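S.K.: So I've got this file, protein_15.cif, and it contains mmCIF, C-alpha atoms:
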```
data_coords
loop_
_atom_site.label_atom_id
_atom_site.label_comp_id
_atom_site.auth_asym_id
_atom_site.auth_seq_id
_atom_site.Cartn_x
_atom_site.Cartn_y
_atom_site.Cartn_z
CA MET A 1 43.62 -42.91 -13.02
CA ARG A 2 44.32 -39.59 -14.72
CA SER A 3 41.94 -40.40 -17.55
CA SER A 4 39.44 -41.59 -14.98
CA ALA A 5 39.66 -38.23 -13.21
CA HIS A 6 39.11 -36.43 -16.49
CA LEU A 7 36.01 -38.49 -17.14
CA ILE A 8 34.64 -37.69 -13.70
CA ILE A 9 35.22 -33.98 -14.14
CA ILE A 10 33.58 -33.94 -17.58
CA PHE A 11 30.68 -35.97 -16.27
CA SER A 12 30.25 -33.66 -13.30
CA LEU A 13 30.19 -30.54 -15.45
CA PHE A 14 27.57 -32.08 -17.69
CA TYR A 15 25.51 -33.09 -14.74
CA MET A 16 25.61 -29.68 -13.06
CA SER A 17 24.61 -27.80 -16.18
CA ALA A 18 21.69 -30.11 -16.70
CA TYR A 19 20.31 -29.41 -13.23
CA CYS A 20 21.17 -25.72 -12.78
CA GLN A 21 17.82 -23.96 -13.14
CA THR A 22 16.60 -20.40 -12.77
CA VAL A 23 12.98 -19.45 -12.38
CA SER A 24 11.63 -15.90 -12.15
CA VAL A 25 8.22 -14.55 -11.33
CA THR A 26 7.05 -10.99 -11.06
CA ALA A 27 4.82 -9.16 -8.63
CA THR A 28 3.50 -5.64 -8.63
CA GLY A 29 4.17 -3.05 -5.98
CA SER A 30 1.51 -0.39 -5.79
CA ALA A 31 0.24 2.56 -3.82
CA TYR A 32 -2.64 4.88 -4.48
CA VAL A 33 -1.67 8.39 -3.51
CA MET A 34 -4.59 10.35 -2.20
CA ARG A 35 -4.83 14.05 -1.48
CA GLY A 36 -5.71 14.69 2.12
CA VAL A 37 -9.06 16.29 2.72
CA THR A 38 -9.19 19.92 3.72
CA VAL A 39 -12.14 22.17 4.42
CA SER A 40 -12.04 25.90 4.91
CA THR A 41 -14.26 28.93 4.73
CA THR A 42 -14.18 30.92 1.56
CA GLY A 43 -15.95 33.90 0.08
CA THR A 44 -16.93 37.14 1.75
CA ASN A 45 -20.21 36.16 3.34
CA THR A 46 -20.49 34.98 6.94
CA LEU A 47 -23.22 33.80 9.25
CA ASN A 48 -23.53 37.16 10.89
CA TYR A 49 -27.05 38.27 11.78
CA GLY A 50 -26.00 41.74 12.72
CA ASP A 51 -27.77 43.85 15.32
CA ILE A 52 -31.17 42.71 16.48
CA LEU A 53 -33.31 44.76 18.77
CA ALA A 54 -34.88 42.60 21.44
CA THR A 55 -38.60 43.15 21.89
CA GLY A 56 -41.38 41.57 23.81
CA SER A 57 -42.04 39.20 20.93
CA THR A 58 -40.31 36.20 19.46
CA GLN A 59 -38.27 37.04 16.41
CA THR A 60 -36.75 34.91 13.70
CA ARG A 61 -33.84 35.87 11.51
CA SER A 62 -32.71 33.84 8.50
CA ILE A 63 -29.76 33.84 6.16
CA SER A 64 -30.17 31.93 2.95
CA ASN A 65 -27.57 29.43 1.85
CA ALA A 66 -26.68 31.64 -1.08
CA ASN A 67 -25.88 34.50 1.26
CA GLY A 68 -24.46 32.43 4.09
CA GLN A 69 -21.07 30.94 4.76
CA LYS A 70 -19.42 29.21 1.84
CA PHE A 71 -16.99 26.36 2.51
CA LEU A 72 -14.49 24.79 0.16
CA ALA A 73 -13.57 21.16 0.68
CA THR A 74 -10.67 19.65 -1.26
CA GLY A 75 -9.30 16.17 -1.72
CA THR A 76 -8.65 13.58 -4.38
CA PRO A 77 -10.54 14.28 -7.58
CA GLY A 78 -13.10 11.70 -8.48
CA TYR A 79 -13.43 10.44 -4.93
CA TYR A 80 -16.37 10.75 -2.62
CA VAL A 81 -16.33 12.42 0.74
CA HIS A 82 -18.72 12.25 3.62
CA ILE A 83 -20.06 15.58 4.80
CA ASN A 84 -21.26 15.93 8.36
CA TYR A 85 -22.42 19.04 10.13
CA THR A 86 -24.01 20.06 13.39
CA PRO A 87 -27.60 20.93 12.51
CA THR A 88 -28.08 23.09 15.58
CA VAL A 89 -25.67 25.32 17.41
CA THR A 90 -26.14 27.15 20.69
CA LEU A 91 -24.96 30.74 20.62
CA SER A 92 -24.04 32.35 23.91
CA ASN A 93 -23.41 35.88 25.10
CA ALA A 94 -21.30 34.68 28.07
CA LEU A 95 -18.08 36.25 26.83
CA TRP A 96 -19.79 39.56 26.26
CA VAL A 97 -21.40 39.48 29.69
CA ALA A 98 -18.08 38.64 31.30
CA GLN A 99 -16.61 41.77 29.80
CA TYR A 100 -19.51 44.16 30.08
CA GLY A 101 -21.85 42.63 32.63
CA GLY A 102 -25.50 41.81 32.29
CA THR A 103 -27.51 38.62 31.99
CA THR A 104 -26.34 35.59 30.12
CA GLY A 105 -28.55 33.99 27.54
CA THR A 106 -28.49 31.65 24.61
CA ILE A 107 -29.82 31.61 21.09
CA THR A 108 -30.23 28.47 19.01
CA PHE A 109 -28.98 28.47 15.46
CA SER A 110 -30.38 25.83 13.13
CA SER A 111 -29.02 25.12 9.68
CA ASN A 112 -32.41 25.43 8.11
CA PRO A 113 -32.61 25.12 5.18
CA ALA A 114 -30.08 22.31 5.07
CA PRO A 115 -26.65 23.08 3.61
CA GLN A 116 -26.21 22.69 -0.11
CA HIS A 117 -23.35 22.06 -2.47
CA THR A 118 -22.60 23.20 -5.98
CA LEU A 119 -19.95 20.56 -6.84
CA GLY A 120 -16.93 22.37 -8.26
CA ASN A 121 -18.79 25.56 -9.06
CA SER A 122 -17.79 28.40 -6.79
CA ASN A 123 -20.98 30.21 -7.69
CA TYR A 124 -24.36 29.40 -6.29
CA VAL A 125 -25.61 27.56 -9.36
CA ASN A 126 -27.77 24.44 -9.36
CA PRO A 127 -27.38 23.82 -5.63
CA VAL A 128 -28.05 20.35 -4.27
CA THR A 129 -29.20 19.75 -0.71
CA ILE A 130 -26.70 17.94 1.48
CA THR A 131 -27.92 15.09 3.61
CA ASN A 132 -26.07 15.09 6.89
CA GLY A 133 -23.50 12.26 6.64
CA GLY A 134 -24.10 11.85 2.94
CA SER A 135 -21.43 11.03 0.37
CA TYR A 136 -20.51 13.53 -2.34
CA LEU A 137 -18.18 13.59 -5.30
CA LEU A 138 -15.09 15.78 -5.42
CA THR A 139 -14.92 17.41 -8.83
CA ASN A 140 -11.57 17.71 -10.58
CA SER A 141 -10.23 21.24 -10.68
CA ASN A 142 -6.68 21.32 -12.00
CA GLY A 143 -5.85 18.03 -10.35
CA ILE A 144 -7.56 18.87 -7.07
CA GLY A 145 -10.91 17.48 -6.04
CA VAL A 146 -13.21 20.24 -4.86
CA ILE A 147 -16.73 20.74 -3.61
CA TYR A 148 -18.32 24.00 -2.52
CA ILE A 149 -20.70 23.90 0.42
CA TRP A 150 -23.17 26.63 1.23
CA VAL A 151 -24.54 27.08 4.73
CA GLY A 152 -27.28 29.42 5.85
CA GLY A 153 -29.67 29.08 8.75
CA GLN A 154 -31.93 30.79 11.16
CA ILE A 155 -32.01 31.92 14.73
CA SER A 156 -34.90 32.60 17.06
CA ILE A 157 -34.80 35.42 19.59
CA ILE A 158 -37.04 34.99 22.54
CA PRO A 159 -38.97 37.91 24.02
CA ASN A 160 -36.67 40.21 26.01
CA GLN A 161 -33.58 38.27 24.98
CA PRO A 162 -30.65 39.38 27.18
CA ALA A 163 -28.39 41.82 25.42
CA GLY A 164 -24.94 40.99 24.14
CA ASP A 165 -22.91 39.45 21.33
CA TYR A 166 -24.01 35.88 20.82
CA ILE A 167 -21.33 33.61 19.46
CA GLY A 168 -21.22 29.97 18.54
CA SER A 169 -19.35 27.62 16.22
CA PHE A 170 -20.87 25.76 13.33
CA SER A 171 -18.82 22.69 12.47
CA ILE A 172 -18.66 20.91 9.18
CA THR A 173 -16.60 17.77 8.77
CA VAL A 174 -15.46 16.32 5.47
CA SER A 175 -13.83 12.91 5.32
CA TYR A 176 -13.25 10.03 2.92
CA MET B 1 58.41 -57.92 -24.14
CA LYS B 2 56.24 -56.57 -27.00
CA LYS B 3 53.71 -59.35 -26.53
CA LYS B 4 53.59 -58.66 -22.82
CA TYR B 5 52.91 -54.96 -23.46
CA LEU B 6 50.26 -55.78 -26.06
CA TYR B 7 48.46 -58.15 -23.70
CA ALA B 8 48.65 -55.59 -20.95
CA ILE B 9 47.16 -52.84 -23.15
CA LEU B 10 44.36 -55.08 -24.35
CA PHE B 11 43.62 -56.13 -20.82
CA ILE B 12 43.40 -52.55 -19.60
CA GLY B 13 41.47 -51.51 -22.72
CA ILE B 14 38.80 -54.15 -22.09
CA LEU B 15 38.46 -53.98 -18.31
CA TYR B 16 39.54 -50.55 -17.20
CA PRO B 17 36.74 -48.50 -18.78
CA ARG B 18 34.09 -50.85 -17.47
CA VAL B 19 35.42 -50.74 -13.95
CA THR B 20 35.94 -46.98 -14.02
CA PHE B 21 32.49 -46.08 -15.28
CA SER B 22 30.63 -48.47 -13.10
CA GLN B 23 32.34 -47.25 -9.95
CA GLU B 24 32.84 -43.54 -10.54
CA ASN B 25 29.51 -42.98 -12.19
CA THR B 26 27.68 -44.54 -9.28
CA LYS B 27 29.64 -42.47 -6.83
CA GLU B 28 28.87 -39.25 -8.68
CA TYR B 29 25.23 -40.19 -8.89
CA ASP B 30 24.96 -40.75 -5.16
CA LEU B 31 26.64 -37.48 -4.24
CA SER B 32 24.45 -35.41 -6.49
CA TYR B 33 21.10 -36.90 -5.67
CA ASN B 34 21.62 -37.52 -1.97
CA GLY B 35 20.31 -41.00 -2.43
CA GLU B 36 17.06 -39.94 -4.03
CA SER B 37 15.53 -41.54 -7.06
CA GLU B 38 16.66 -40.55 -10.53
CA THR B 39 13.64 -38.49 -11.55
CA PRO B 40 13.70 -34.92 -12.87
CA MET B 41 13.53 -32.27 -10.17
CA ILE B 42 10.16 -30.61 -9.71
CA PHE B 43 10.97 -27.04 -8.84
CA THR B 44 8.37 -24.30 -9.03
CA VAL B 45 8.07 -20.66 -8.01
CA GLU B 46 4.74 -18.91 -7.74
CA LYS B 47 3.58 -15.44 -6.88
CA TRP B 48 0.76 -15.61 -4.42
CA SER B 49 0.13 -11.91 -3.87
CA ASP B 50 1.37 -8.46 -4.82
CA LEU B 51 2.76 -5.76 -2.55
CA SER B 52 0.15 -3.10 -1.92
CA PHE B 53 0.40 0.00 0.21
CA GLY B 54 -3.23 0.84 -0.40
CA TYR B 55 -4.35 4.44 -0.07
CA VAL B 56 -1.64 6.79 1.11
CA TYR B 57 -1.30 10.54 1.51
CA GLY B 58 1.33 13.05 0.51
CA GLY B 59 3.73 14.03 3.26
CA THR B 60 3.47 10.67 4.97
CA THR B 61 5.39 7.41 5.22
CA ALA B 62 3.71 4.09 4.63
CA GLU B 63 5.10 0.71 5.58
CA VAL B 64 4.02 -2.84 4.84
CA ASP B 65 5.46 -5.41 7.23
CA VAL B 66 5.90 -9.03 6.33
CA ASP B 67 2.95 -10.04 8.49
CA ASN B 68 0.72 -7.58 6.68
CA PRO B 69 -1.70 -9.29 4.28
CA ASN B 70 -0.69 -6.64 1.76
CA ALA B 71 2.90 -7.89 1.63
CA ALA B 72 4.01 -9.67 -1.52
CA LEU B 73 4.06 -13.43 -1.08
CA PHE B 74 5.88 -16.02 -3.16
CA ARG B 75 6.05 -19.78 -2.82
CA LEU B 76 8.90 -22.01 -3.83
CA PHE B 77 8.49 -25.75 -4.04
CA SER B 78 11.11 -28.42 -4.57
CA ASP B 79 10.72 -32.16 -4.45
CA LYS B 80 14.48 -32.51 -4.04
CA LYS B 81 16.97 -31.35 -1.46
CA GLY B 82 19.44 -28.66 -2.34
CA TYR B 83 20.58 -25.09 -2.09
CA PHE B 84 18.51 -22.36 -3.70
CA THR B 85 19.50 -18.76 -4.26
CA LEU B 86 16.78 -16.13 -3.86
CA THR B 87 17.26 -12.86 -5.69
CA PHE B 88 14.98 -9.87 -6.01
CA THR B 89 15.14 -7.22 -8.67
CA LEU B 90 13.64 -4.31 -6.79
CA PRO B 91 12.37 -0.96 -7.99
CA ALA B 92 13.63 2.30 -6.50
CA THR B 93 10.35 4.07 -7.14
CA LEU B 94 6.70 3.43 -7.73
CA ASN B 95 5.65 5.26 -10.84
CA LEU B 96 2.56 7.05 -12.01
CA PRO B 97 1.82 6.68 -15.71
CA GLY B 98 2.36 10.06 -17.24
CA GLY B 99 4.75 11.22 -14.55
CA GLY B 100 5.22 11.17 -10.82
CA THR B 101 7.28 8.90 -8.62
CA VAL B 102 7.20 7.68 -5.04
CA PRO B 103 10.47 6.35 -3.56
CA ILE B 104 10.29 2.82 -2.22
CA THR B 105 12.84 1.05 -0.04
CA PHE B 106 13.38 -2.54 0.99
CA ASP B 107 15.46 -3.90 3.83
CA GLN B 108 16.09 -6.94 5.99
CA ASN B 109 13.20 -6.04 8.29
CA HIS B 110 10.78 -6.42 5.43
CA ALA B 111 11.69 -9.77 3.91
CA TYR B 112 11.06 -13.15 5.49
CA TYR B 113 10.83 -16.81 4.63
CA THR B 114 9.51 -19.92 6.27
CA TYR B 115 9.57 -23.59 5.49
CA ASN B 116 6.21 -25.27 5.02
CA ASN B 117 4.37 -22.50 6.83
CA SER B 118 2.11 -20.11 4.99
CA THR B 119 2.02 -17.71 7.92
CA PRO B 120 5.08 -15.56 8.64
CA ILE B 121 6.08 -17.05 11.96
CA SER B 122 9.06 -19.13 13.04
CA GLY B 123 10.92 -18.04 9.95
CA THR B 124 13.95 -16.02 9.02
CA TYR B 125 14.41 -12.41 8.02
CA PHE B 126 16.76 -11.72 5.15
CA ASP B 127 18.03 -8.81 3.14
CA PRO B 128 16.10 -8.71 -0.15
CA THR B 129 18.64 -6.36 -1.68
CA GLN B 130 21.22 -9.17 -1.59
CA ALA B 131 21.14 -12.66 -3.01
CA THR B 132 20.21 -15.11 -0.28
CA THR B 133 20.95 -18.82 -0.31
CA ILE B 134 18.67 -21.17 1.52
CA LEU B 135 18.87 -24.91 2.04
CA ILE B 136 16.02 -27.28 1.47
CA ASN B 137 17.05 -30.39 3.32
CA ILE B 138 13.75 -32.23 3.21
CA MET B 139 12.17 -33.44 0.03
CA ASN B 140 8.83 -31.94 -1.06
CA THR B 141 9.32 -28.71 0.83
CA TYR B 142 7.47 -25.45 0.32
CA VAL B 143 9.27 -22.21 1.10
CA TYR B 144 7.12 -19.13 1.60
CA ILE B 145 8.76 -15.77 0.98
CA TRP B 146 7.24 -12.46 2.06
CA LEU B 147 8.33 -9.05 0.88
CA GLY B 148 7.20 -5.78 2.43
CA GLY B 149 8.67 -2.32 2.09
CA THR B 150 8.47 1.36 2.91
CA ILE B 151 7.45 4.32 0.83
CA ASN B 152 7.88 8.01 1.54
CA ILE B 153 5.29 10.11 -0.21
CA PRO B 154 6.47 13.67 -0.72
CA SER B 155 3.99 16.44 -0.06
CA GLY B 156 2.31 17.55 -3.22
CA THR B 157 2.73 14.19 -4.92
CA PRO B 158 0.16 13.98 -7.71
CA THR B 159 -2.72 11.71 -6.89
CA GLY B 160 -3.08 8.43 -8.69
CA ASN B 161 -2.13 4.79 -8.78
CA TYR B 162 1.63 4.27 -8.57
CA THR B 163 3.06 0.90 -9.57
CA ALA B 164 6.33 -0.89 -10.22
CA THR B 165 7.44 -4.41 -11.04
CA ILE B 166 9.21 -6.66 -8.55
CA THR B 167 11.03 -9.65 -10.00
CA PHE B 168 11.77 -12.65 -7.83
CA THR B 169 14.30 -15.12 -9.13
CA VAL B 170 15.19 -18.49 -7.69
CA GLN B 171 18.25 -20.35 -8.88
CA LYS B 172 18.97 -23.98 -8.13
#
```
Using structure tokens, write down the structure that the file contains.

M.R.:
Amino acid sequence: MRSSAHLIIIFSLFYMSAYCQTVSVTATGSAYVMRGVTVSTTGTNTLNYGDILATGSTQTRSISNANGQKFLATGTPGYYVHINYTPTVTLSNALWVAQYGGTTGTITFSSNPAPQHTLGNSNYVNPVTITNGGSYLLTNSNGIGVIYIWVGGQISIIPNQPAGDYIGSFSITVSY
Amino acid sequence: MKKKYLYAILFIGILYPRVTFSQENTKEYDLSYNGESETPMIFTVEKWSDLSFGYVYGGTTAEVDVDNPNAALFRLFSDKKGYFTLTFTLPATLNLPGGGTVPITFDQNHAYYTYNNSTPISGTYFDPTQATTILINIMNTYVYIWLGGTINIPSGTPTGNYTATITFTVQK
């Protein structure tokens, strides 16, 4: 019986080794790290029309894109961003009237001509017109995707426009 | 006396091995195969999909749950019953070629297996950082194994595609 037990043990070891198998497969874990989009004003110019003397006639004042507000949008280099803006903005003198009195009024600002971009060039060189909602490439600048956006526009002052400081907000949205 | 011993030895020498092998071998055979036929085991492991966190941003945390289509998915098949040990070799970071790392973690809330069900329901969570033994007690069974994870992307992490290798090992 002892020799029988030995045989069984030897047989069992042989059997186990024959059917002990290991199989490996590999998979890839991945993530694409993006830089979040930012947009901010830059440069020294603003959309400030200065003092305008109201008259009995309609007046128009314009600021070119080159001399208007410059924006800098950043994100992941080589990726495209959508640029949206409000083509018209209503300016109001309500705050001024509340402080100093007088008659409230409004002035309409229109981003005409349309905003432009100069890719990664911070100077107004070879500007390209931006279609509202269009998609534009972020140019690599030291590992950061950038695009410069130039916004001018015009306002119309009606005859005998109420006096005051007229203020409004022009919004530009940049997103992937 | 000597003749008696000689006859006895011859008798044992002729009969004993035959009886022993025929009985014990059959017994061993039955225990090991659970009564199944004596054919080689068909035992396969496949990767069905990779683990992808997609687009992520610095300063954020991203998580892929097991029921997320972006979780890694493996499939084990065996035509025989038995115990199988599942082991993952897991990375600590996803890496950007040329530099840059993103820490990645795995835990028992992000690993799951089911029997014969390719959707992650009615299954079992397990800790992928430890070896896990499962039992296949029905022949021709598929086991589906999902692996998710969590990454923490530090602010200022360089942009790019971060990758790492996950190795899944099954031992019978």

S.K.: Please return as a list in words every residue within 10 Å of (-21.8, 43.4, 18.4), taking into account only C-alpha atoms and the file's own coordinates.

M.R.: Asn48, Tyr49, Gly50, Asp51, Ile52, Trp96, Ala163, Gly164, Asp165, Tyr166 and Ile167 of chain A

S.K.: Show me, as a PyMOL selection string, the residues that have an atom within 8 Å of Gly82 in chain B when counting only C-alpha atoms, minus same-chain residues fewer than 3 positions from it.

M.R.: chain B and resi 135-137+172

S.K.: Residues of chain B within 9 Å of chain A, counting only C-alpha atoms, what are they? List them as JSON, numbers by chain.

M.R.: {"B": [17, 20, 21, 24, 25, 28, 32, 40, 41, 43, 44, 45, 46, 47, 48, 49, 50, 51, 52, 53, 54, 55, 56, 57, 58, 72, 73, 74, 91, 94, 95, 102, 151, 153, 156, 157, 158, 159, 160, 161, 162, 163, 164, 165, 166, 167, 168, 169, 170, 171, 172]}

S.K.: Would you mind reading off the distance between CA of Leu96 in chain B and CA of Leu119 in chain A, one decimal, in Å?

M.R.: 26.8 Å

S.K.: Need the shell around Gly56 in chain A: protein/DNA/RNA residues with any atom at most 9 Å away, counting only C-alpha atoms. Skip same-chain ones fewer than 4 positions apart. Format as a ChimeraX atom specification?

M.R.: /A:158-161

S.K.: Which residue, A:Ser169, A:Ser156, A:Asn142, A:Asn123, has the smallest gap to Leu72 in chain A when you use all atoms listed in the file?

M.R.: A:Asn123

S.K.: I'd like the interatomic distance between CA of Ile121 in chain B and CA of Asn68 in chain B, to a tenth of an Å.

M.R.: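 We find that CA of Ile121 in chain B and CA of Asn68 in chain B lie 12.1 Å from each other.
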
S.K.: With the file shown as input, list the residues that the PyMOL selection byres ((chain B and resi 150) around 10) selects, as a ChimeraX atom specification.

M.R.: /B:53,61-65,103-107,110,148-149,151-153

S.K.: I would like the residues chosen by the PyMOL selection byres ((chain B and resi 79) around 9) on the shown file; could you give them as a ChimeraX atom specification?

M.R.: /B:41-43,77-78,80-81,138-142

S.K.: Just how far from CA of Phe84 in chain B is CA of Trp146 in chain B, in Å to one decimal?

M.R.: 16.1 Å

S.K.: Using only C-alpha atoms, which residue out of B:Thr93, B:Thr60, B:Leu86, B:Gly99 lies closest to Phe126 in chain B?

M.R.: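 When distances to Phe126 in chain B are compared using only C-alpha atoms, the smallest one comes from B:Leu86.
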
S.K.: Within 6 Å of Val146 in chain A, counting only C-alpha atoms, which residues show up once you throw out same-chain ones fewer than 3 positions away? Write them as a list of chain:residue names, please.

M.R.: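 Everything that qualifies: A:Ala73, A:Thr74, A:Gly120, A:Leu138, A:Thr139.
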
S.K.: Check the smallest atom-to-atom distance from each of B:Thr87, B:Val66, B:Thr39, B:Leu76 to Tyr125 in chain B using only C-alpha atoms, then report the winner.

M.R.: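 Checking each candidate against Tyr125 in chain B, we get B:Val66 as the closest.
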
S.K.: Go through the shown structure with the PyMOL selection byres ((chain A and resi 67) around 9) and write out the matching residues as a PDB file with C-alpha atoms, keeping the file's coordinate frame.

M.R.:
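Dumped everything to selection20.pdb:
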```
ATOM      1  CA  ASN A  45     -20.210  36.160   3.340  1.00  0.00           C
ATOM      2  CA  THR A  46     -20.490  34.980   6.940  1.00  0.00           C
ATOM      3  CA  LEU A  47     -23.220  33.800   9.250  1.00  0.00           C
ATOM      4  CA  ILE A  63     -29.760  33.840   6.160  1.00  0.00           C
ATOM      5  CA  SER A  64     -30.170  31.930   2.950  1.00  0.00           C
ATOM      6  CA  ASN A  65     -27.570  29.430   1.850  1.00  0.00           C
ATOM      7  CA  ALA A  66     -26.680  31.640  -1.080  1.00  0.00           C
ATOM      8  CA  GLY A  68     -24.460  32.430   4.090  1.00  0.00           C
ATOM      9  CA  GLN A  69     -21.070  30.940   4.760  1.00  0.00           C
ATOM     10  CA  LYS A  70     -19.420  29.210   1.840  1.00  0.00           C
ATOM     11  CA  TRP A 150     -23.170  26.630   1.230  1.00  0.00           C
ATOM     12  CA  VAL A 151     -24.540  27.080   4.730  1.00  0.00           C
ATOM     13  CA  GLY A 152     -27.280  29.420   5.850  1.00  0.00           C
TER      14      GLY A 152
END
```

S.K.: For a quick check of understanding, using all atoms listed in the file, which of A:Ile157, A:Gly168, A:Thr58, A:Gly78 has the smallest distance to Leu95 in chain A?

M.R.: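 Residue with the minimum atom-to-atom distance to Leu95 in chain A: A:Gly168.
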